[in-house]
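Dropping data-v3.cif in here (mmCIF, C-alpha atoms):
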```cif
data_target
#
loop_
_atom_site.label_atom_id
_atom_site.label_comp_id
_atom_site.auth_asym_id
_atom_site.auth_seq_id
_atom_site.Cartn_x
_atom_site.Cartn_y
_atom_site.Cartn_z
CA MET Q 26 0.00 0.00 0.00
CA LYS Q 27 1.31 3.42 -0.89
CA PRO Q 28 2.22 5.73 2.03
CA SER Q 29 -0.24 8.42 0.87
CA ILE Q 30 -3.15 5.95 0.84
CA ALA Q 31 -2.16 4.66 4.29
CA ARG Q 32 -2.08 8.20 5.70
CA THR Q 33 -5.50 8.92 4.20
CA LEU Q 34 -7.04 5.80 5.76
CA ALA Q 35 -5.47 6.67 9.12
CA TRP Q 36 -7.03 10.16 9.05
CA ILE Q 37 -10.44 8.70 8.19
CA LEU Q 38 -10.18 6.34 11.18
CA VAL Q 39 -9.24 9.19 13.56
CA VAL Q 40 -12.13 11.38 12.36
CA ALA Q 41 -14.58 8.48 12.80
CA LEU Q 42 -13.38 7.83 16.36
CA LEU Q 43 -13.68 11.53 17.31
CA ALA Q 44 -17.17 11.72 15.85
CA GLY Q 45 -18.22 8.67 17.87
CA CYS Q 46 -16.85 10.17 21.09
CA GLY Q 47 -18.67 13.42 20.42
CA HIS Q 48 -22.02 11.65 20.04
CA SER Q 49 -21.53 9.65 23.26
CA ARG Q 50 -20.67 12.66 25.40
CA VAL Q 51 -23.32 13.59 27.97
CA VAL Q 52 -23.43 17.18 29.20
CA LYS Q 53 -24.99 17.73 32.61
CA ARG Q 54 -26.22 21.20 33.45
CA GLU Q 55 -26.56 22.36 37.00
CA GLY Q 56 -30.14 22.68 38.05
CA SER Q 57 -31.39 20.45 35.23
CA ARG Q 58 -33.45 18.38 37.65
CA PRO Q 59 -37.10 19.44 37.78
CA ALA Q 60 -38.21 21.58 40.69
CA PRO Q 61 -39.98 19.70 43.47
CA GLY Q 62 -43.76 19.66 43.45
CA HIS Q 63 -45.60 20.99 46.48
CA ALA Q 64 -49.07 20.01 45.34
CA THR Q 65 -51.67 18.96 47.86
CA GLN Q 66 -52.43 15.26 47.71
CA SER Q 67 -55.68 14.33 45.99
CA MET Q 68 -58.59 13.17 48.11
CA PRO Q 69 -58.77 9.37 48.51
CA ARG Q 70 -61.68 7.90 46.55
CA SER Q 71 -63.19 6.49 49.72
CA GLY Q 72 -62.92 9.83 51.47
CA ASP Q 73 -61.01 8.07 54.28
CA TYR Q 74 -57.36 8.22 55.33
CA GLU Q 75 -55.57 5.55 57.37
CA VAL Q 76 -53.29 7.11 59.97
CA LYS Q 77 -49.65 6.06 59.76
CA ARG Q 78 -46.96 6.20 62.42
CA GLY Q 79 -45.63 9.75 62.66
CA ASP Q 80 -48.79 11.41 61.27
CA THR Q 81 -50.38 14.39 62.96
CA LEU Q 82 -53.83 15.82 62.40
CA TYR Q 83 -52.27 19.09 61.24
CA GLY Q 84 -49.98 17.29 58.79
CA ILE Q 85 -52.83 15.23 57.31
CA ALA Q 86 -55.00 18.31 56.87
CA PHE Q 87 -52.12 20.30 55.35
CA ARG Q 88 -51.29 17.49 52.91
CA HIS Q 89 -54.87 17.42 51.58
CA GLY Q 90 -55.50 21.18 51.59
CA LEU Q 91 -58.04 20.97 54.42
CA ASP Q 92 -58.74 22.94 57.57
CA TYR Q 93 -57.58 20.86 60.55
CA ARG Q 94 -60.74 21.91 62.41
CA GLU Q 95 -62.88 20.44 59.65
CA VAL Q 96 -61.08 17.09 59.85
CA ALA Q 97 -61.30 17.10 63.65
CA ALA Q 98 -65.03 17.86 63.56
CA LEU Q 99 -65.76 15.13 61.00
CA ASN Q 100 -64.06 12.59 63.25
CA ARG Q 101 -65.24 13.99 66.60
CA ILE Q 102 -61.67 14.58 67.77
CA GLY Q 103 -61.10 17.31 70.31
CA PRO Q 104 -57.93 19.10 71.45
CA PRO Q 105 -55.12 18.11 71.62
CA TYR Q 106 -56.13 16.15 68.46
CA THR Q 107 -54.42 12.87 69.37
CA ILE Q 108 -54.60 10.19 66.64
CA TYR Q 109 -53.29 6.62 66.38
CA PRO Q 110 -51.74 4.40 63.68
CA GLY Q 111 -54.37 2.33 61.90
CA GLN Q 112 -57.14 4.77 62.79
CA ARG Q 113 -59.32 5.74 59.79
CA LEU Q 114 -60.16 9.41 59.45
CA ARG Q 115 -62.95 10.86 57.38
CA LEU Q 116 -61.63 13.65 55.15
CA GLN Q 117 -65.00 14.59 53.69
CA ALA Q 118 -68.59 14.28 54.81
CA GLN Q 119 -70.59 11.25 53.70
CA GLY Q 120 -72.21 11.83 50.30
CA SER Q 121 -70.28 15.05 49.61
CA ALA Q 122 -68.77 15.61 46.18
CA ARG Q 123 -65.64 17.47 47.19
CA PRO Q 124 -63.39 17.78 44.09
CA ALA Q 125 -59.97 16.12 44.21
CA GLN Q 126 -57.06 18.52 44.60
CA GLY Q 127 -53.43 18.45 43.58
CA VAL Q 128 -51.70 15.42 42.09
CA THR Q 129 -52.38 11.70 42.32
CA GLY Q 130 -50.17 8.74 42.99
CA MET Q 131 -48.04 10.35 45.71
CA PRO Q 132 -46.42 7.73 47.96
CA ALA Q 133 -47.42 7.37 51.56
CA PRO Q 134 -45.51 9.60 53.99
CA ARG Q 135 -42.48 8.09 55.68
CA THR Q 136 -41.83 8.24 59.38
CA PRO Q 137 -40.27 11.62 60.27
CA ALA Q 138 -36.64 11.37 61.36
CA PRO Q 139 -35.64 13.62 64.27
CA ALA Q 140 -33.26 16.41 63.33
CA ALA Q 141 -30.31 17.42 65.46
CA GLY Q 142 -31.28 19.89 68.15
CA THR Q 143 -34.99 19.00 68.03
CA ALA Q 144 -37.20 16.83 70.16
CA PRO Q 145 -37.77 13.25 68.89
CA SER Q 146 -40.54 12.95 66.32
CA GLN Q 147 -42.37 10.23 68.26
CA PRO Q 148 -42.81 11.32 71.90
CA PRO Q 149 -45.91 10.31 73.85
CA PRO Q 150 -48.98 12.48 73.13
CA ARG Q 151 -48.73 15.84 74.80
CA ALA Q 152 -49.99 19.34 74.37
CA GLY Q 153 -48.91 20.82 71.08
CA ASN Q 154 -47.80 17.44 69.66
CA PRO Q 155 -50.90 15.59 68.40
CA VAL Q 156 -48.83 12.80 66.84
CA ALA Q 157 -49.86 9.27 65.98
CA THR Q 158 -48.50 6.83 68.56
CA PRO Q 159 -47.92 3.08 68.09
CA ALA Q 160 -50.17 1.94 70.94
CA ALA Q 161 -53.93 1.33 70.83
CA PRO Q 162 -56.10 4.23 72.06
CA PRO Q 163 -55.75 4.24 75.85
CA VAL Q 164 -58.48 5.13 78.31
CA ARG Q 165 -57.67 8.68 79.32
CA SER Q 166 -58.50 9.56 82.88
CA THR Q 167 -57.70 13.25 82.43
CA PRO Q 168 -57.62 15.15 79.11
CA ALA Q 169 -54.32 16.60 77.94
CA PRO Q 170 -54.10 20.40 78.01
CA PRO Q 171 -54.69 22.23 74.72
CA LEU Q 172 -52.05 24.02 72.65
CA PRO Q 173 -50.80 27.33 74.03
CA ALA Q 174 -52.95 30.28 73.06
CA VAL Q 175 -51.71 32.25 70.07
CA PRO Q 176 -52.62 35.79 68.97
CA ASP Q 177 -54.69 36.42 65.86
CA VAL Q 178 -52.24 37.63 63.21
CA ALA Q 179 -54.56 38.45 60.32
CA PRO Q 180 -52.88 40.33 57.43
CA ALA Q 181 -54.29 43.66 58.58
CA SER Q 182 -52.35 43.41 61.83
CA GLY Q 183 -49.02 44.00 60.10
CA ALA Q 184 -47.42 41.34 62.32
CA TRP Q 185 -45.91 39.31 59.48
CA ARG Q 186 -42.28 39.47 58.36
CA TRP Q 187 -40.14 37.75 55.73
CA PRO Q 188 -38.96 34.29 56.84
CA THR Q 189 -35.52 34.70 55.22
CA GLN Q 190 -33.53 36.96 52.91
CA GLY Q 191 -32.89 36.12 49.28
CA GLN Q 192 -34.13 36.29 45.72
CA VAL Q 193 -37.66 35.10 45.07
CA ILE Q 194 -37.25 32.46 42.34
CA GLY Q 195 -40.77 31.05 42.42
CA ARG Q 196 -44.07 32.82 43.05
CA PHE Q 197 -47.57 31.82 44.05
CA VAL Q 198 -49.98 31.16 41.18
CA ALA Q 199 -53.67 30.94 42.03
CA GLY Q 200 -55.20 27.69 40.86
CA ASP Q 201 -51.84 26.00 40.19
CA PRO Q 202 -51.55 23.14 42.72
CA LYS Q 203 -47.76 23.00 42.30
CA ARG Q 204 -47.15 26.71 42.96
CA GLN Q 205 -48.78 27.30 46.32
CA GLY Q 206 -46.15 29.55 47.88
CA LEU Q 207 -42.85 31.36 47.43
CA ASP Q 208 -39.45 29.84 46.65
CA ILE Q 209 -36.65 31.97 48.13
CA ALA Q 210 -33.07 31.21 47.10
CA GLY Q 211 -30.26 31.28 49.65
CA SER Q 212 -27.28 29.36 50.99
CA ALA Q 213 -26.90 26.27 53.15
CA GLY Q 214 -27.33 27.04 56.84
CA GLN Q 215 -28.94 30.43 56.26
CA SER Q 216 -31.36 31.47 59.01
CA VAL Q 217 -35.04 30.60 58.52
CA GLN Q 218 -37.28 32.59 60.86
CA ALA Q 219 -40.89 32.46 61.98
CA ALA Q 220 -42.95 34.88 59.89
CA ALA Q 221 -45.23 35.70 62.83
CA ASP Q 222 -45.91 34.71 66.44
CA GLY Q 223 -47.35 31.24 66.86
CA VAL Q 224 -47.04 27.63 67.96
CA VAL Q 225 -45.22 24.86 66.08
CA VAL Q 226 -47.80 22.21 65.16
CA TYR Q 227 -45.59 20.12 62.85
CA SER Q 228 -41.85 19.50 62.76
CA GLY Q 229 -40.74 16.54 60.66
CA SER Q 230 -40.12 15.08 57.21
CA GLY Q 231 -43.26 13.03 56.62
CA LEU Q 232 -44.87 15.17 53.91
CA VAL Q 233 -43.59 14.08 50.50
CA GLY Q 234 -42.11 16.92 48.46
CA TYR Q 235 -41.42 19.24 51.40
CA GLY Q 236 -38.28 17.70 52.90
CA GLU Q 237 -37.60 18.83 56.46
CA LEU Q 238 -40.74 20.85 57.19
CA ILE Q 239 -42.01 23.10 59.97
CA ILE Q 240 -45.62 24.30 60.22
CA VAL Q 241 -46.52 27.15 62.58
CA LYS Q 242 -50.07 27.89 63.72
CA HIS Q 243 -50.66 31.63 64.13
CA SER Q 244 -54.39 31.55 64.92
CA ASP Q 245 -57.38 29.30 64.35
CA GLU Q 246 -57.39 30.47 60.70
CA TRP Q 247 -53.75 31.04 59.77
CA LEU Q 248 -50.79 28.65 59.30
CA SER Q 249 -47.37 29.11 57.70
CA ALA Q 250 -45.04 26.40 56.38
CA TYR Q 251 -41.24 26.32 55.93
CA ALA Q 252 -39.88 23.54 53.70
CA HIS Q 253 -36.55 22.00 52.53
CA ASN Q 254 -34.65 22.92 55.70
CA ARG Q 255 -31.23 21.46 56.43
CA ARG Q 256 -31.91 21.40 60.15
CA ARG Q 257 -35.01 22.00 62.24
CA LEU Q 258 -34.40 23.93 65.46
CA VAL Q 259 -37.86 23.72 67.07
CA GLY Q 260 -40.09 20.83 68.01
CA GLU Q 261 -43.85 20.45 68.03
CA GLY Q 262 -45.54 22.44 70.76
CA ALA Q 263 -42.87 25.15 70.90
CA THR Q 264 -44.06 28.75 71.11
CA VAL Q 265 -42.19 31.01 68.66
CA LYS Q 266 -41.98 34.74 68.08
CA ALA Q 267 -41.88 36.61 64.80
CA GLY Q 268 -38.26 36.78 63.63
CA GLN Q 269 -37.11 33.89 65.82
CA GLN Q 270 -34.86 31.40 64.02
CA ILE Q 271 -36.63 28.07 63.68
CA ALA Q 272 -34.49 26.28 61.08
CA GLU Q 273 -31.40 26.34 58.86
CA MET Q 274 -31.93 26.58 55.11
CA GLY Q 275 -31.10 23.50 53.07
CA ARG Q 276 -32.06 21.43 50.07
CA THR Q 277 -33.92 18.42 51.48
CA GLY Q 278 -36.39 17.47 48.77
CA THR Q 279 -34.99 19.89 46.18
CA SER Q 280 -31.92 20.37 43.97
CA ARG Q 281 -30.69 23.67 45.44
CA ASP Q 282 -30.54 25.52 48.74
CA MET Q 283 -33.81 27.38 49.12
CA LEU Q 284 -36.82 27.95 51.34
CA HIS Q 285 -40.29 27.06 50.15
CA PHE Q 286 -42.71 29.21 52.17
CA GLU Q 287 -46.47 28.82 52.24
CA VAL Q 288 -49.29 30.64 54.02
CA ARG Q 289 -52.66 28.98 54.47
CA ARG Q 290 -55.97 30.36 55.69
CA ASN Q 291 -58.56 27.83 56.80
CA GLY Q 292 -56.45 25.15 55.12
CA LYS Q 293 -56.36 26.88 51.71
CA PRO Q 294 -53.14 28.32 50.20
CA VAL Q 295 -53.03 32.10 49.85
CA ASP Q 296 -50.42 34.30 48.19
CA PRO Q 297 -47.76 35.05 50.85
CA MET Q 298 -47.19 38.42 49.19
CA GLN Q 299 -50.62 39.45 50.52
CA VAL Q 300 -49.44 39.23 54.11
CA LEU Q 301 -45.68 39.91 53.90
CA PRO Q 302 -44.40 43.52 54.02
CA ARG Q 303 -42.97 45.03 50.85
CA GLN Q 304 -39.22 44.60 50.50
#
```
Just dump the structure as structure tokens.
Amino acid sequence: MKPSIARTLAWILVVALLAGCGHSRVVKREGSRPAPGHATQSMPRSGDYEVKRGDTLYGIAFRHGLDYREVAALNRIGPPYTIYPGQRLRLQAQGSARPAQGVTGMPAPRTPAPAAGTAPSQPPPRAGNPVATPAAPPVRSTPAPPLPAVPDVAPASGAWRWPTQGQVIGRFVAGDPKRQGLDIAGSAGQSVQAAADGVVVYSGSGLVGYGELIIVKHSDEWLSAYAHNRRRLVGEGATVKAGQQIAEMGRTGTSRDMLHFEVRRNGKPVDPMQVLPRQ
């Protein structure tokens, strides 16, 4: 074979190999993973929910976009709203045609794992911690005391403040079940603060899509939620003040460090910008 022909064939082989490598190369872009969904879980067809270990009445109501008082009334459960694994709760009245909300097919919540610096997720029932316990319903000789009283912090009171500092990268969209609050970008460990005075009614990781989550009750009507924390600093039943640090920002359940913040009135999401002061 002539040298010129050999060189030509060699060049063809090199070009073919480079082309093959180029087609097999995979480029990964930061943040290419889809944003987490925060949709409320659709109503079970039966209208019932079976309580799992680690559930609380507040968490179940929040997950389904319901008012906790409505769920308690349907099931004749009084304060401190103690529930038990295996117990079946009605989420809608018999014969009602309440439309399903949010997305379907979400997996059952896992047992919340206690975060460093917080109380264990599974203590015995006590005031402010209406959590499902593994034992059968005991005969109670004396009722447990109710949650601490909290002030009414309706939007007109001006008592609300921003839960953290950072760029708003996701806003509330009415009617969109996956955009029920604000996404605020930040850095790992950044302070997450209570937006108003209240009582912690949920502190755990049992709500799919929210990561390490804290829910604060501000009045009978108003709740706020703080999701994707790296570390929770308050346990259920704790009384908190507006501006008090309750968590460290993280990325549990999401692909970047951020805070997902929701405000709910009577169990329904409202635009947090309606209650937060202008920045």
Quiz item: Applied to this file, what does the PyMOL selection byres ((chain Q and resi 193-198) around 8) return in terms of residues, put as a list in words?
Solution: Gly191, Gln192, Ala199, Gly200, Asp201, Arg204, Gln205, Gly206, Leu207, Asp208, Ile209, Ala210, Val295, Asp296 and Pro297 of chain Q
Practice problem: Would you be able to write out as JSON, numbers by chain which residues have an atom within 8 Å of (-41.6, 22.5, 67.4) in the file's coordinates, counting all atoms listed in the file? | Solution: {"Q": [143, 144, 224, 225, 226, 227, 228, 239, 258, 259, 260, 261, 262, 263, 264]}
Quiz prompt | Long-range neighbours of Tyr235 (chain Q) as a ChimeraX atom specification, 6 Å cut-off, all atoms listed in the file, 5 positions minimum in chain | solution = /Q:252-253,278
Practice problem: Work out how far CA of Val265 (chain Q) is from CA of Ala219 (chain Q), in Å to one decimal. | Solution: 7.0 Å
Exercise. Might you pull out every residue within 7 Å of Gly111 (chain Q), with only C-alpha atoms counted and same-chain residues fewer than 3 positions away left off, and present them as a VMD selection string?
Key: chain Q and resid 75 to 77
Quiz prompt | Of the listed residues Q:Gly84, Q:Gly72, Q:Gly236, Q:Pro302, that which approaches Arg276 (chain Q) most closely, counting all atoms listed in the file | solution =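 Closest to Arg276 (chain Q), using all atoms listed in the file: Q:Gly236.
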Using all atoms of region 255-271 of chain Q listed in the file and a margin of 3 Å per side, can you give the axis-aligned box centre and edge lengths in Å to one decimal, as lines of an AutoDock Vina configuration file?
```
center_x = -38.4
center_y = 28.6
center_z = 63.8
size_x = 20.3
size_y = 22.3
size_z = 20.7
```
Exercise. Up to 7 Å from (-32.1, 28.7, 47.9) in the file's coordinates: name the residues, counting only C-alpha atoms, as a ChimeraX atom specification.
Key: /Q:209-212,281-284
Practice problem: Would you please work out which residue, of Q:Gly223, Q:Pro294, Q:Gly214, Q:Gly79, is nearest to Gly275 (chain Q) when using only C-alpha atoms? | Solution: Q:Gly214
Exercise. Using all atoms listed in the file, determine which residues lie at most 10 Å from Gln304 (chain Q), disregarding the query and same-chain residues fewer than 6 positions distant; provide the list as a list in words.
Key: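 After dropping sequence-adjacent residues, the list is Arg186, Trp187 and Gln190 of chain Q.
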Quiz item: So how far away is CA of Pro105 (chain Q) from CA of Ile271 (chain Q), in Å?
Solution: 22.5 Å
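Here CA of Ser280 (chain Q) is placed at a distance of 15.9 Å from CA of Leu238 (chain Q).
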Check what the PyMOL selection byres ((chain Q and resi 248) around 10) selects in the file above and give those residues as a PDB file with C-alpha atoms, in the coordinates of the input.
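To be explicit, this is the file written out as part-v4.pdb:
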```pdb
ATOM      1  CA  TYR Q  83     -52.270  19.090  61.240  1.00  0.00           C
ATOM      2  CA  PHE Q  87     -52.120  20.300  55.350  1.00  0.00           C
ATOM      3  CA  ASP Q  92     -58.740  22.940  57.570  1.00  0.00           C
ATOM      4  CA  VAL Q 178     -52.240  37.630  63.210  1.00  0.00           C
ATOM      5  CA  ALA Q 221     -45.230  35.700  62.830  1.00  0.00           C
ATOM      6  CA  GLY Q 223     -47.350  31.240  66.860  1.00  0.00           C
ATOM      7  CA  VAL Q 224     -47.040  27.630  67.960  1.00  0.00           C
ATOM      8  CA  VAL Q 225     -45.220  24.860  66.080  1.00  0.00           C
ATOM      9  CA  VAL Q 226     -47.800  22.210  65.160  1.00  0.00           C
ATOM     10  CA  ILE Q 240     -45.620  24.300  60.220  1.00  0.00           C
ATOM     11  CA  VAL Q 241     -46.520  27.150  62.580  1.00  0.00           C
ATOM     12  CA  LYS Q 242     -50.070  27.890  63.720  1.00  0.00           C
ATOM     13  CA  HIS Q 243     -50.660  31.630  64.130  1.00  0.00           C
ATOM     14  CA  SER Q 244     -54.390  31.550  64.920  1.00  0.00           C
ATOM     15  CA  ASP Q 245     -57.380  29.300  64.350  1.00  0.00           C
ATOM     16  CA  GLU Q 246     -57.390  30.470  60.700  1.00  0.00           C
ATOM     17  CA  TRP Q 247     -53.750  31.040  59.770  1.00  0.00           C
ATOM     18  CA  SER Q 249     -47.370  29.110  57.700  1.00  0.00           C
ATOM     19  CA  ALA Q 250     -45.040  26.400  56.380  1.00  0.00           C
ATOM     20  CA  GLU Q 287     -46.470  28.820  52.240  1.00  0.00           C
ATOM     21  CA  VAL Q 288     -49.290  30.640  54.020  1.00  0.00           C
ATOM     22  CA  ARG Q 289     -52.660  28.980  54.470  1.00  0.00           C
ATOM     23  CA  ARG Q 290     -55.970  30.360  55.690  1.00  0.00           C
ATOM     24  CA  ASN Q 291     -58.560  27.830  56.800  1.00  0.00           C
ATOM     25  CA  GLY Q 292     -56.450  25.150  55.120  1.00  0.00           C
ATOM     26  CA  LYS Q 293     -56.360  26.880  51.710  1.00  0.00           C
ATOM     27  CA  PRO Q 294     -53.140  28.320  50.200  1.00  0.00           C
TER      28      PRO Q 294
END
```
